[in-house]
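The next block is coords36.txt, given as compact mmCIF, C-alpha atoms.
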```txt
# COMPACT_ATOMS: atom_id res chain seq x y z
CA MET Q 108 15.72 -18.84 17.09
CA ALA Q 109 18.44 -18.67 14.50
CA VAL Q 110 20.64 -15.63 14.76
CA LYS Q 111 22.25 -14.23 11.60
CA PHE Q 112 25.92 -13.45 11.58
CA ARG Q 113 26.83 -9.82 11.03
CA ASP Q 114 30.05 -8.80 9.38
CA TYR Q 115 30.94 -5.65 11.29
CA TYR Q 116 33.99 -5.00 9.13
CA GLU Q 117 31.79 -5.06 6.06
CA VAL Q 118 29.32 -2.68 7.73
CA LEU Q 119 32.07 -0.12 8.32
CA GLY Q 120 33.77 -0.94 5.01
CA VAL Q 121 37.18 -1.61 6.56
CA PRO Q 122 39.49 -4.66 6.31
CA ARG Q 123 39.89 -6.99 9.27
CA THR Q 124 43.36 -5.58 9.71
CA ALA Q 125 42.09 -2.00 10.12
CA SER Q 126 43.69 0.05 12.89
CA ALA Q 127 41.67 1.72 15.64
CA ASP Q 128 42.12 5.04 13.81
CA ASP Q 129 40.90 3.59 10.51
CA ILE Q 130 37.84 2.26 12.27
CA LYS Q 131 37.11 5.56 13.96
CA ARG Q 132 37.48 7.45 10.70
CA ALA Q 133 35.24 5.02 8.81
CA TYR Q 134 32.65 5.22 11.56
CA ARG Q 135 32.63 9.00 11.63
CA GLN Q 136 32.24 9.21 7.88
CA LEU Q 137 29.36 6.74 7.85
CA ALA Q 138 27.64 8.29 10.87
CA ARG Q 139 27.86 11.67 9.19
CA LYS Q 140 26.17 10.21 6.15
CA HIS Q 141 23.49 8.05 7.70
CA HIS Q 142 22.39 9.91 10.82
CA PRO Q 143 18.58 9.80 10.59
CA ASP Q 144 18.20 13.50 11.39
CA LEU Q 145 20.17 14.38 8.28
CA HIS Q 146 17.53 12.82 6.06
CA PRO Q 147 14.06 13.92 4.98
CA ALA Q 148 11.22 12.23 6.83
CA THR Q 149 10.50 9.80 4.01
CA GLU Q 150 14.01 8.36 4.15
CA ARG Q 151 14.47 8.59 7.90
CA ALA Q 152 13.39 5.08 8.83
CA ARG Q 153 15.83 3.53 6.38
CA ALA Q 154 18.66 5.78 7.56
CA ALA Q 155 17.83 4.91 11.17
CA GLU Q 156 18.24 1.20 10.44
CA ARG Q 157 21.56 1.80 8.78
CA PHE Q 158 22.70 4.15 11.55
CA LYS Q 159 21.88 1.51 14.14
CA GLU Q 160 23.94 -1.09 12.25
CA ILE Q 161 26.88 1.29 11.96
CA ASN Q 162 26.78 2.10 15.65
CA GLU Q 163 26.59 -1.53 16.60
CA ALA Q 164 29.55 -2.34 14.38
CA TYR Q 165 31.52 0.56 15.81
CA GLU Q 166 30.66 -0.37 19.35
CA VAL Q 167 32.17 -3.81 18.82
CA LEU Q 168 35.17 -2.86 16.71
CA SER Q 169 36.16 0.19 18.76
CA ASP Q 170 36.28 -1.76 22.01
CA PRO Q 171 39.41 -3.98 22.18
CA ASP Q 172 37.64 -6.53 24.41
CA LYS Q 173 34.64 -6.86 22.17
CA ARG Q 174 36.68 -6.76 18.99
CA GLY Q 175 38.88 -9.56 20.33
CA LYS Q 176 35.89 -11.68 21.15
CA TYR Q 177 34.37 -11.00 17.75
CA ASP Q 178 37.61 -11.72 15.88
CA ALA Q 179 37.93 -15.00 17.77
CA LEU Q 180 34.86 -16.24 15.89
CA GLY Q 181 37.14 -16.54 12.86
CA ALA Q 182 37.19 -15.02 9.43
CA ASN Q 183 35.02 -17.57 7.70
CA TRP Q 184 31.67 -16.18 8.70
CA LYS Q 185 29.66 -14.30 6.12
CA SER Q 186 26.86 -11.84 6.75
CA GLY Q 187 23.51 -13.54 7.05
CA MET Q 188 24.81 -17.01 7.97
CA ASP Q 189 22.95 -18.77 10.78
CA PHE Q 190 24.95 -18.20 13.87
CA SER Q 191 24.94 -19.86 17.27
CA PRO Q 192 27.58 -18.92 19.76
CA SER Q 193 29.84 -21.89 20.41
CA GLY Q 194 31.53 -22.49 23.73
CA GLY Q 195 30.02 -22.87 27.11
CA ASP Q 196 28.76 -19.42 27.89
CA ALA Q 197 25.09 -20.23 28.20
CA GLY Q 198 24.42 -16.79 29.62
CA TYR Q 199 25.11 -15.21 26.27
CA ALA Q 200 23.09 -17.80 24.39
CA ARG Q 201 20.07 -16.88 26.43
CA ALA Q 202 20.67 -13.21 25.91
CA ALA Q 203 18.08 -12.85 23.20
CA GLU Q 204 15.38 -13.71 25.71
CA TRP Q 205 16.44 -11.17 28.31
CA ASP Q 206 14.08 -8.50 27.31
CA ASP Q 207 12.47 -7.20 24.22
CA LEU Q 208 13.70 -3.65 24.21
CA GLY Q 209 15.30 -4.46 20.90
CA ASP Q 210 17.76 -1.71 19.98
CA VAL Q 211 20.60 -4.11 19.25
CA SER Q 212 20.60 -7.04 16.87
CA ASP Q 213 20.07 -10.54 18.18
CA PHE Q 214 23.54 -11.28 16.91
CA PHE Q 215 25.04 -8.58 19.10
CA ALA Q 216 22.98 -9.75 22.05
CA SER Q 217 24.08 -13.35 21.57
CA LEU Q 218 27.71 -12.26 21.82
CA PHE Q 219 27.65 -9.50 24.37
CA GLY Q 220 24.22 -9.45 25.90
CA ARG Q 221 22.01 -6.43 25.74
CA GLY Q 222 22.94 -4.79 28.97
CA THR Q 223 26.43 -3.79 27.94
CA ARG Q 224 25.46 -1.44 25.16
CA ARG Q 225 27.72 1.58 24.76
CA THR Q 226 29.87 0.89 27.73
CA GLY Q 227 33.52 0.23 28.10
CA GLN Q 228 33.07 -2.04 31.06
CA ARG Q 229 30.91 -5.07 31.06
CA GLY Q 230 27.94 -4.98 33.33
CA VAL Q 231 27.40 -1.22 33.50
CA ARG Q 232 23.95 -0.51 32.19
CA VAL Q 233 23.77 2.65 30.17
CA THR Q 234 20.39 4.03 29.22
CA ILE Q 235 19.65 5.12 25.68
CA PRO Q 236 16.60 7.21 24.81
CA GLY Q 237 14.16 5.78 22.30
CA SER Q 238 13.80 7.37 18.86
CA ASP Q 239 11.08 9.80 17.94
CA ILE Q 240 8.50 8.71 15.43
CA GLU Q 241 7.45 11.34 12.92
CA ALA Q 242 4.43 10.84 10.73
CA GLU Q 243 1.82 12.69 8.72
CA LEU Q 244 -1.78 12.57 9.81
CA PRO Q 245 -4.33 13.36 7.12
CA VAL Q 246 -7.38 15.02 8.67
CA THR Q 247 -10.67 16.18 7.28
CA LEU Q 248 -12.04 19.67 7.78
CA GLU Q 249 -14.78 18.24 9.99
CA GLU Q 250 -12.17 16.69 12.27
CA MET Q 251 -10.47 20.07 12.66
CA LEU Q 252 -13.77 21.81 13.29
CA HIS Q 253 -14.94 19.43 15.95
CA SER Q 254 -11.69 18.45 17.70
CA ALA Q 255 -12.46 14.90 16.67
CA ARG Q 256 -10.71 11.89 18.09
CA ARG Q 257 -8.70 9.90 15.61
CA ARG Q 258 -7.39 6.40 15.91
CA ILE Q 259 -3.86 6.03 14.58
CA THR Q 260 -1.64 2.99 14.22
CA LEU Q 261 2.08 3.28 14.81
CA ASN Q 262 4.48 0.96 13.04
CA GLY Q 263 1.54 -1.24 12.16
CA SER Q 264 1.31 -2.65 15.65
CA ARG Q 265 0.27 -0.09 18.22
CA SER Q 266 -2.93 1.82 18.11
CA LEU Q 267 -3.60 5.14 19.84
CA GLU Q 268 -6.53 7.47 19.95
CA VAL Q 269 -5.57 11.10 19.46
CA GLU Q 270 -7.68 14.17 19.97
CA ILE Q 271 -7.19 16.84 17.32
CA PRO Q 272 -6.78 19.97 19.47
CA ARG Q 273 -8.83 23.08 18.92
CA GLY Q 274 -7.01 25.49 16.66
CA ALA Q 275 -5.11 22.82 14.74
CA ARG Q 276 -4.37 23.64 11.09
CA GLU Q 277 -2.67 22.23 8.06
CA GLY Q 278 0.97 21.78 9.11
CA THR Q 279 0.29 21.86 12.86
CA VAL Q 280 2.46 19.35 14.67
CA LEU Q 281 1.04 17.32 17.53
CA ARG Q 282 3.27 15.81 20.15
CA LEU Q 283 2.45 12.58 21.90
CA ALA Q 284 5.01 12.58 24.68
CA GLY Q 285 6.66 9.26 25.35
CA GLN Q 286 4.74 7.35 22.68
CA GLY Q 287 7.72 6.82 20.35
CA GLU Q 288 10.20 3.97 20.25
CA PRO Q 289 11.06 2.44 23.62
CA GLY Q 290 14.36 3.33 25.23
CA VAL Q 291 17.09 0.84 26.04
CA ASN Q 292 17.85 -0.19 29.60
CA GLY Q 293 15.15 2.00 31.01
CA GLY Q 294 16.05 5.01 28.87
CA PRO Q 295 13.10 7.29 28.22
CA PRO Q 296 10.90 6.41 25.25
CA GLY Q 297 10.88 8.75 22.25
CA ASP Q 298 8.00 11.01 21.29
CA VAL Q 299 5.55 10.80 18.46
CA TYR Q 300 5.20 13.89 16.27
CA LEU Q 301 2.25 14.01 13.92
CA ARG Q 302 2.15 16.67 11.23
CA LEU Q 303 -1.41 17.39 10.19
CA ARG Q 304 -2.21 17.42 6.51
CA MET Q 305 -5.64 18.59 5.53
CA ILE Q 306 -7.64 16.55 3.10
CA PRO Q 307 -9.17 19.08 0.67
CA HIS Q 308 -12.87 19.57 1.26
CA PRO Q 309 -15.18 19.52 -1.77
CA ARG Q 310 -17.03 22.65 -0.64
CA TYR Q 311 -14.85 24.71 1.71
CA ARG Q 312 -11.39 26.16 1.21
CA VAL Q 313 -9.22 27.16 4.14
CA ALA Q 314 -7.66 30.64 4.27
CA GLY Q 315 -5.99 31.13 7.65
CA ASP Q 316 -8.72 30.98 10.24
CA ASP Q 317 -11.39 31.61 7.62
CA LEU Q 318 -13.26 29.32 5.29
CA GLU Q 319 -14.37 30.18 1.79
CA MET Q 320 -17.07 28.65 -0.32
CA ASP Q 321 -18.56 29.38 -3.71
CA LEU Q 322 -22.01 30.91 -3.76
CA SER Q 323 -23.57 30.23 -7.14
CA LEU Q 324 -26.24 32.70 -8.18
CA TRP Q 325 -28.52 32.82 -11.19
CA PRO Q 326 -28.31 36.11 -13.08
CA TRP Q 327 -31.71 37.28 -11.86
CA GLN Q 328 -30.77 36.51 -8.24
CA ALA Q 329 -27.63 38.59 -8.62
CA VAL Q 330 -29.50 41.44 -10.24
CA LEU Q 331 -32.62 41.51 -8.14
CA GLY Q 332 -31.25 40.19 -4.86
CA ALA Q 333 -32.44 36.98 -3.24
CA ASP Q 334 -32.56 34.89 -0.13
CA VAL Q 335 -30.36 31.86 -0.75
CA ARG Q 336 -30.12 28.78 1.42
CA ILE Q 337 -26.56 27.50 1.77
CA GLU Q 338 -24.86 24.69 3.66
CA THR Q 339 -22.32 25.78 6.26
CA PRO Q 340 -20.24 23.53 8.54
CA ASP Q 341 -22.74 24.41 11.28
CA GLY Q 342 -25.77 23.51 9.21
CA PRO Q 343 -27.90 25.30 6.61
CA VAL Q 344 -28.44 29.05 6.80
CA THR Q 345 -30.34 31.51 4.64
CA LEU Q 346 -28.20 34.24 3.21
CA THR Q 347 -29.57 37.53 1.94
CA VAL Q 348 -27.93 38.49 -1.32
CA ALA Q 349 -28.16 42.21 -2.05
CA PRO Q 350 -29.45 43.41 -5.44
CA GLY Q 351 -26.64 44.02 -7.92
CA THR Q 352 -24.25 41.46 -6.49
CA GLN Q 353 -21.24 40.91 -8.74
CA THR Q 354 -19.14 37.78 -9.14
CA GLY Q 355 -16.39 37.81 -6.55
CA ARG Q 356 -18.30 39.71 -3.86
CA ARG Q 357 -17.60 38.15 -0.49
CA LEU Q 358 -20.46 37.67 1.91
CA ARG Q 359 -19.27 37.16 5.45
CA LEU Q 360 -20.82 34.78 7.94
CA ARG Q 361 -19.16 35.79 11.17
CA GLY Q 362 -17.83 33.08 13.47
CA ARG Q 363 -18.46 30.14 11.18
CA GLY Q 364 -14.83 29.53 10.25
CA LEU Q 365 -12.17 27.43 11.95
CA PRO Q 366 -11.82 27.39 15.72
CA ARG Q 367 -8.83 29.21 17.24
CA PRO Q 368 -6.95 27.98 20.28
CA ASP Q 369 -8.65 30.62 22.45
CA GLY Q 370 -12.08 29.28 21.52
CA SER Q 371 -13.10 32.03 19.11
CA ARG Q 372 -13.65 31.21 15.47
CA GLY Q 373 -12.75 32.64 12.10
CA ASP Q 374 -15.37 33.60 9.53
CA LEU Q 375 -16.97 31.87 6.61
CA TYR Q 376 -17.01 33.75 3.31
CA ALA Q 377 -19.48 32.89 0.59
CA VAL Q 378 -17.97 34.16 -2.66
CA ALA Q 379 -20.61 35.09 -5.22
CA ARG Q 380 -20.28 33.52 -8.61
CA ILE Q 381 -22.87 34.12 -11.29
CA VAL Q 382 -23.83 31.10 -13.32
CA VAL Q 383 -26.07 31.09 -16.36
CA PRO Q 384 -28.58 28.45 -17.33
CA GLU Q 385 -26.93 26.30 -20.00
CA ARG Q 386 -30.24 25.13 -21.43
CA PRO Q 387 -32.83 27.83 -20.81
CA SER Q 388 -36.46 26.86 -21.23
CA ALA Q 389 -38.47 28.48 -24.02
CA ALA Q 390 -40.01 30.86 -21.53
CA GLU Q 391 -36.63 31.83 -20.13
CA ARG Q 392 -35.23 32.35 -23.56
CA GLU Q 393 -38.13 34.63 -24.35
CA ALA Q 394 -37.54 36.59 -21.16
CA TYR Q 395 -33.88 37.06 -22.05
CA GLU Q 396 -34.84 38.17 -25.57
CA THR Q 397 -37.08 40.78 -24.03
CA LEU Q 398 -34.31 41.81 -21.65
CA LYS Q 399 -31.94 42.15 -24.57
CA GLN Q 400 -34.37 44.47 -26.35
CA ARG Q 401 -35.04 46.57 -23.33
CA ALA Q 402 -31.76 46.64 -21.49
CA ALA Q 403 -30.08 50.02 -21.28
CA VAL Q 404 -26.54 48.73 -21.51
CA PRO Q 405 -24.22 50.94 -19.50
CA ALA Q 406 -21.86 52.64 -21.88
CA ASP Q 407 -18.98 52.58 -19.40
CA ARG Q 408 -19.15 48.84 -18.94
CA PRO Q 409 -18.98 47.08 -22.31
CA ALA Q 410 -20.06 43.47 -22.32
CA GLY Q 411 -17.44 41.06 -23.60
CA GLY Q 412 -13.96 42.39 -23.84
CA MET I 287 13.95 -8.44 38.10
CA SER I 288 10.59 -8.51 36.43
CA THR I 289 9.87 -6.75 33.20
CA PRO I 290 6.43 -5.44 32.36
CA PRO I 291 4.50 -7.70 30.01
CA ARG I 292 4.91 -6.67 26.42
CA THR I 293 2.67 -7.48 23.56
CA ARG I 294 4.17 -9.32 20.63
CA PRO I 295 4.20 -7.50 17.32
CA GLY I 296 1.16 -8.39 15.28
CA ALA I 297 -1.27 -8.14 18.15
CA PRO I 298 -2.30 -4.47 18.20
CA THR I 299 -2.70 -2.97 21.62
CA ILE I 300 -5.28 -0.26 21.98
CA GLU I 301 -4.66 2.62 24.30
CA THR I 302 -7.09 5.19 25.49
CA ALA I 303 -7.35 8.69 24.11
CA ARG I 304 -4.18 10.76 24.27
CA ARG I 305 -4.13 14.45 24.66
CA ALA I 306 -1.99 15.62 21.83
CA GLU I 307 0.04 18.72 22.60
CA ALA I 308 0.21 21.36 19.90
CA TYR I 309 1.65 24.05 22.22
CA LEU I 310 4.22 23.89 24.99
CA SER I 311 5.32 26.32 27.65
CA ALA I 312 9.05 26.99 28.05
CA GLU I 313 9.10 24.64 31.01
CA GLU I 314 7.37 21.88 29.06
CA LEU I 315 9.69 22.39 26.11
CA ALA I 316 12.79 22.10 28.31
CA ARG I 317 11.43 18.89 29.77
CA ALA I 318 10.53 17.59 26.29
CA ALA I 319 14.10 18.21 25.15
CA GLY I 320 15.71 16.92 28.34
CA ILE I 321 17.59 20.17 29.02
CA ARG I 322 17.59 22.67 31.87
CA ALA I 323 15.43 25.77 31.70
CA ALA I 324 18.56 27.95 31.76
CA THR I 325 19.99 26.09 28.77
CA LEU I 326 16.76 26.59 26.89
CA ALA I 327 16.78 30.28 27.74
CA ARG I 328 20.27 30.54 26.28
CA LEU I 329 19.21 28.76 23.07
CA ILE I 330 16.26 31.13 22.76
CA GLY I 331 18.61 34.06 23.28
CA LEU I 332 20.79 32.78 20.46
CA GLY I 333 17.74 32.50 18.22
CA LEU I 334 18.17 28.74 17.88
CA VAL I 335 14.75 28.08 19.37
CA GLU I 336 11.89 30.37 18.50
CA PRO I 337 8.65 30.96 20.39
CA MET I 338 5.45 31.15 18.40
CA PRO I 339 4.37 34.57 17.14
CA ASN I 340 2.55 36.20 20.03
CA GLU I 341 -0.74 37.08 18.37
CA ARG I 342 -2.47 33.89 19.35
CA ARG I 343 -1.23 33.45 22.87
CA PRO I 344 -0.28 36.77 24.35
CA ALA I 345 0.85 35.68 27.82
CA ALA I 346 4.08 33.70 28.36
CA PRO I 347 6.15 32.54 25.39
CA THR I 348 4.60 29.51 23.81
CA PHE I 349 6.28 27.00 21.57
CA SER I 350 4.82 24.75 18.93
CA ALA I 351 5.22 21.01 19.16
CA ALA I 352 7.19 21.39 15.92
CA ALA I 353 9.75 23.39 17.93
CA ALA I 354 10.07 20.48 20.34
CA SER I 355 10.67 18.03 17.52
CA ARG I 356 13.20 20.43 16.02
CA LEU I 357 15.06 20.97 19.27
CA ARG I 358 15.25 17.25 19.95
CA ARG I 359 16.73 16.73 16.48
CA MET I 360 19.30 19.45 17.09
CA LEU I 361 20.32 17.90 20.38
CA ARG I 362 20.65 14.44 18.80
CA LEU I 363 22.86 15.81 16.03
CA HIS I 364 24.94 17.53 18.70
CA ARG I 365 25.23 14.39 20.81
CA ASP I 366 25.76 11.87 18.01
CA LEU I 367 27.89 13.81 15.54
CA GLY I 368 29.48 16.49 17.68
CA VAL I 369 27.95 19.28 15.60
CA ASN I 370 27.59 22.49 17.60
CA LEU I 371 24.06 23.73 18.12
CA THR I 372 24.24 26.49 15.53
CA GLY I 373 25.40 23.93 13.00
CA ALA I 374 22.66 21.56 14.11
CA ALA I 375 20.03 24.29 13.64
CA ILE I 376 21.31 24.90 10.11
CA ILE I 377 21.14 21.19 9.33
CA VAL I 378 17.58 20.93 10.63
CA ASP I 379 16.60 23.92 8.46
CA LEU I 380 18.20 22.40 5.38
CA VAL I 381 16.54 19.03 5.92
CA GLU I 382 13.19 20.76 6.34
CA ARG I 383 13.76 22.64 3.12
CA LEU I 384 14.57 19.36 1.43
CA GLU I 385 11.27 18.01 2.67
CA ARG I 386 9.34 20.98 1.32
CA GLU I 387 11.05 21.03 -2.06
CA PRO I 388 11.88 17.43 -2.91
CA GLU I 389 14.75 16.99 -5.28
CA GLU I 390 13.77 16.58 -8.91
CA PRO I 391 14.01 12.90 -9.76
CA SER I 392 17.11 12.76 -11.91
CA ARG I 393 16.90 9.11 -12.83
```

Translate the structure described by the file into structure tokens.
Amino acid sequence: MAVKFRDYYEVLGVPRTASADDIKRAYRQLARKHHPDLHPATERARAAERFKEINEAYEVLSDPDKRGKYDALGANWKSGMDFSPSGGDAGYARAAEWDDLGDVSDFFASLFGRGTRRTGQRGVRVTIPGSDIEAELPVTLEEMLHSARRRITLNGSRSLEVEIPRGAREGTVLRLAGQGEPGVNGGPPGDVYLRLRMIPHPRYRVAGDDLEMDLSLWPWQAVLGADVRIETPDGPVTLTVAPGTQTGRRLRLRGRGLPRPDGSRGDLYAVARIVVPERPSAAEREAYETLKQRAAVPADRPAGG
Amino acid sequence: MSTPPRTRPGAPTIETARRAEAYLSAEELARAAGIRAATLARLIGLGLVEPMPNERRPAAPTFSAAAASRLRRMLRLHRDLGVNLTGAAIIVDLVERLEREPEEPSR
């Protein structure tokens, strides 16, 4: 496999003649700028790549041994050129096959091997923890209600099944311990953190532990009272609407809201909303005309206004 | 030395159901962050790590998984950039604010 040359001086933005102090200063400035945890989640992956490059460059250029070996390659190499280590050190040439824990570039591995990462002395294996993976997980209300299992794919290659825990809400973070990026040299793997984002439901709105839904009533139902069949997350129920129900009145269905961690549940509120027939039949129109004639309009409650 | 077989990228591996943690005990949080319980207790005392409000889980202090993610970030900033932990907590707060209120696109 062809390995691409990396210009570590270019990565740190210093000339080949830079002193150890110059290199340290350049590294610190770049690390301070590109550390992944300084960036919002959407930019973190890109910053992580850059941060890795910067660290690799610093690791080589800050170590006199490694820098010497790197400089001995000559100044004619340009970033991205196909590179194969010359000379007889077949051990280094095979380095890319050692393992696939992949936190250093193949170029680095071809020069120094993978086992010498972040060490002064060759051959001492230092462990580096793997990175955390942070992602959003869109979930439906049904998945929250039923602690559903969701299949997720990480980095397009690894698939996990995750159970949405009881009591999860919009913004709840789920931790999958040890499921993040692998560590180097036996370092512990990172974690996965999934932030739940709720996909809006066409019928139910979430308010804390409670759910809200609209309860549409015809004027005569609101005035006279009615038994109305509604859909709840637990199936259909018949709701008794009291006579004289106004728009905005909240009818509570206890224990039909979202589950809490302790196993209890919030409530479901059906919010009354009076709707009028847009195209009344002739008979309905007649009934309303009669109502208009006969209604004793309350003086303290003017219509319109 | 033998290494465990690894699947090449492109061939998805399927794993069985994972129990996702939304809440952690102090002990679990310390383990998640790779620090000693006494260190965690000190960070809690300094207000740099906050337990969840007690209404939901009245017994021992409980932490959200978000607190674990946050603490791990703080410790990385401390380790990688030499920021002290108070500074790291401020940075994590600012980055979270940035995530909530994305910058107006100026271009």

Report the closest atom pair, with its distance in Å rounded to one decimal, for each residue of chain Q that has an atom no farther than 8 Å from chain I; count all atoms listed in the file, sort by chain and then rising residue number, and write it as a Markdown table.
```
| residue | atom | partner | partner_atom | distance |
| --- | --- | --- | --- | --- |
| Q:Arg135 | CA | I:Leu367 | CA | 7.8 |
| Q:Ala138 | CA | I:Leu367 | CA | 7.2 |
| Q:Arg139 | CA | I:Leu367 | CA | 6.7 |
| Q:His142 | CA | I:Leu363 | CA | 7.9 |
| Q:Asp144 | CA | I:Arg359 | CA | 6.2 |
| Q:Leu145 | CA | I:Val381 | CA | 6.4 |
| Q:His146 | CA | I:Val381 | CA | 6.3 |
| Q:Pro147 | CA | I:Glu385 | CA | 5.5 |
| Q:Ala148 | CA | I:Glu385 | CA | 7.1 |
| Q:Asp206 | CA | I:Thr289 | CA | 7.4 |
| Q:Asp207 | CA | I:Arg292 | CA | 7.9 |
| Q:Arg256 | CA | I:Ala303 | CA | 7.6 |
| Q:Gly263 | CA | I:Gly296 | CA | 7.8 |
| Q:Ser264 | CA | I:Pro298 | CA | 4.8 |
| Q:Arg265 | CA | I:Pro298 | CA | 5.1 |
| Q:Ser266 | CA | I:Ile300 | CA | 5.0 |
| Q:Leu267 | CA | I:Glu301 | CA | 5.2 |
| Q:Glu268 | CA | I:Ala303 | CA | 4.4 |
| Q:Val269 | CA | I:Arg304 | CA | 5.0 |
| Q:Glu270 | CA | I:Arg305 | CA | 5.9 |
| Q:Ile271 | CA | I:Ala306 | CA | 7.0 |
| Q:Pro272 | CA | I:Ala306 | CA | 6.9 |
| Q:Ala275 | CA | I:Ala308 | CA | 7.6 |
| Q:Thr279 | CA | I:Ala308 | CA | 7.1 |
| Q:Val280 | CA | I:Ala352 | CA | 5.3 |
| Q:Leu281 | CA | I:Ala308 | CA | 4.8 |
| Q:Arg282 | CA | I:Glu307 | CA | 5.0 |
| Q:Leu283 | CA | I:Ala306 | CA | 5.4 |
| Q:Ala284 | CA | I:Ala318 | CA | 7.6 |
| Q:Tyr300 | CA | I:Ser355 | CA | 7.0 |
| Q:Pro368 | CA | I:Arg342 | CA | 7.5 |
| Q:Asp369 | CA | I:Arg342 | CA | 7.6 |
```

Legend entry - Two-atom distance - CA of Asp334 (chain Q), CA of Gln400 (chain Q) (Å):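 Taking CA of Asp334 (chain Q) as the start and CA of Gln400 (chain Q) as the end point, the length is 28.0 Å.
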
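For the atom pair formed by CA of Trp325 (chain Q) and CA of Arg392 (chain Q), the distance is 14.1 Å, given to one decimal.
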
Inset, instruction - Provide the CA of Asn370 (chain I) to CA of Ala242 (chain Q) distance in Å, to one decimal place. - result: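 Pair CA of Asn370 (chain I) / CA of Ala242 (chain Q) returns 26.8 Å.
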
Inset, instruction - Can you work out which one of Q:Val246, Q:Leu398, Q:Ile381, Q:Ala155 has the shortest atom-to-atom distance to Leu303 (chain Q), counting all atoms listed in the file? - result: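 The answer is Q:Val246, which sits nearest to Leu303 (chain Q).
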
Legend entry - For Val330 (chain Q): contacts at 8 Å, all atoms listed in the file, fewer than 6 positions along chain excluded, given as a PyMOL selection string: chain Q and resi 350-352

Inset, instruction - Would you list the contacts of Asp317 (chain Q) as number ranges by chain, taking every protein, DNA or RNA residue within 8 Å and counting all atoms listed in the file, but skipping same-chain residues closer than 6 positions in sequence? - result: Q: 364-365, 373-376

Would you compute, for all listed atoms of region 167-176 of chain Q, the axis-aligned bounding box grown by 6 Å on each side, and then report its centre and edge lengths in Å rounded to one decimal, as lines of an AutoDock Vina configuration file?
```
center_x = 35.8
center_y = -5.7
center_z = 20.6
size_x = 19.2
size_y = 23.9
size_z = 19.7
```

Legend entry - Close residues, Ile321 (chain I) itself excluded, 10 Å, only C-alpha atoms, min 5 positions apart in chain, as a list of chain:residue names: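 So the residues in contact are I:Glu313, I:Leu315, I:Ala316, I:Leu326, I:Arg358, I:Leu361.
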
Inset, instruction - Would you mind listing what lies within 7 Å of Leu334 (chain I) as an MDAnalysis selection string, with only C-alpha atoms counted and same-chain residues fewer than 3 positions away left out? - result: chainID I and resid 329:330 372 375

Inset, instruction - Dump as a PyMOL selection string all residues having an atom at most 9 Å from (-13.0, 27.3, 11.4), computed in the file's coordinates with only C-alpha atoms. - result: chain Q and resi 248+251-252+274+313+315-318+340+362-367+372-375

Output C-alpha atoms for every residue in the selection just made, as an mmCIF file, in the coordinates of the input.
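out-v2.cif written:
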```
data_model
loop_
_atom_site.group_PDB
_atom_site.id
_atom_site.type_symbol
_atom_site.label_atom_id
_atom_site.label_comp_id
_atom_site.auth_asym_id
_atom_site.auth_seq_id
_atom_site.Cartn_x
_atom_site.Cartn_y
_atom_site.Cartn_z
ATOM 1 C CA LEU Q 248 -12.040 19.670 7.780
ATOM 2 C CA MET Q 251 -10.470 20.070 12.660
ATOM 3 C CA LEU Q 252 -13.770 21.810 13.290
ATOM 4 C CA GLY Q 274 -7.010 25.490 16.660
ATOM 5 C CA VAL Q 313 -9.220 27.160 4.140
ATOM 6 C CA GLY Q 315 -5.990 31.130 7.650
ATOM 7 C CA ASP Q 316 -8.720 30.980 10.240
ATOM 8 C CA ASP Q 317 -11.390 31.610 7.620
ATOM 9 C CA LEU Q 318 -13.260 29.320 5.290
ATOM 10 C CA PRO Q 340 -20.240 23.530 8.540
ATOM 11 C CA GLY Q 362 -17.830 33.080 13.470
ATOM 12 C CA ARG Q 363 -18.460 30.140 11.180
ATOM 13 C CA GLY Q 364 -14.830 29.530 10.250
ATOM 14 C CA LEU Q 365 -12.170 27.430 11.950
ATOM 15 C CA PRO Q 366 -11.820 27.390 15.720
ATOM 16 C CA ARG Q 367 -8.830 29.210 17.240
ATOM 17 C CA ARG Q 372 -13.650 31.210 15.470
ATOM 18 C CA GLY Q 373 -12.750 32.640 12.100
ATOM 19 C CA ASP Q 374 -15.370 33.600 9.530
ATOM 20 C CA LEU Q 375 -16.970 31.870 6.610
#
```
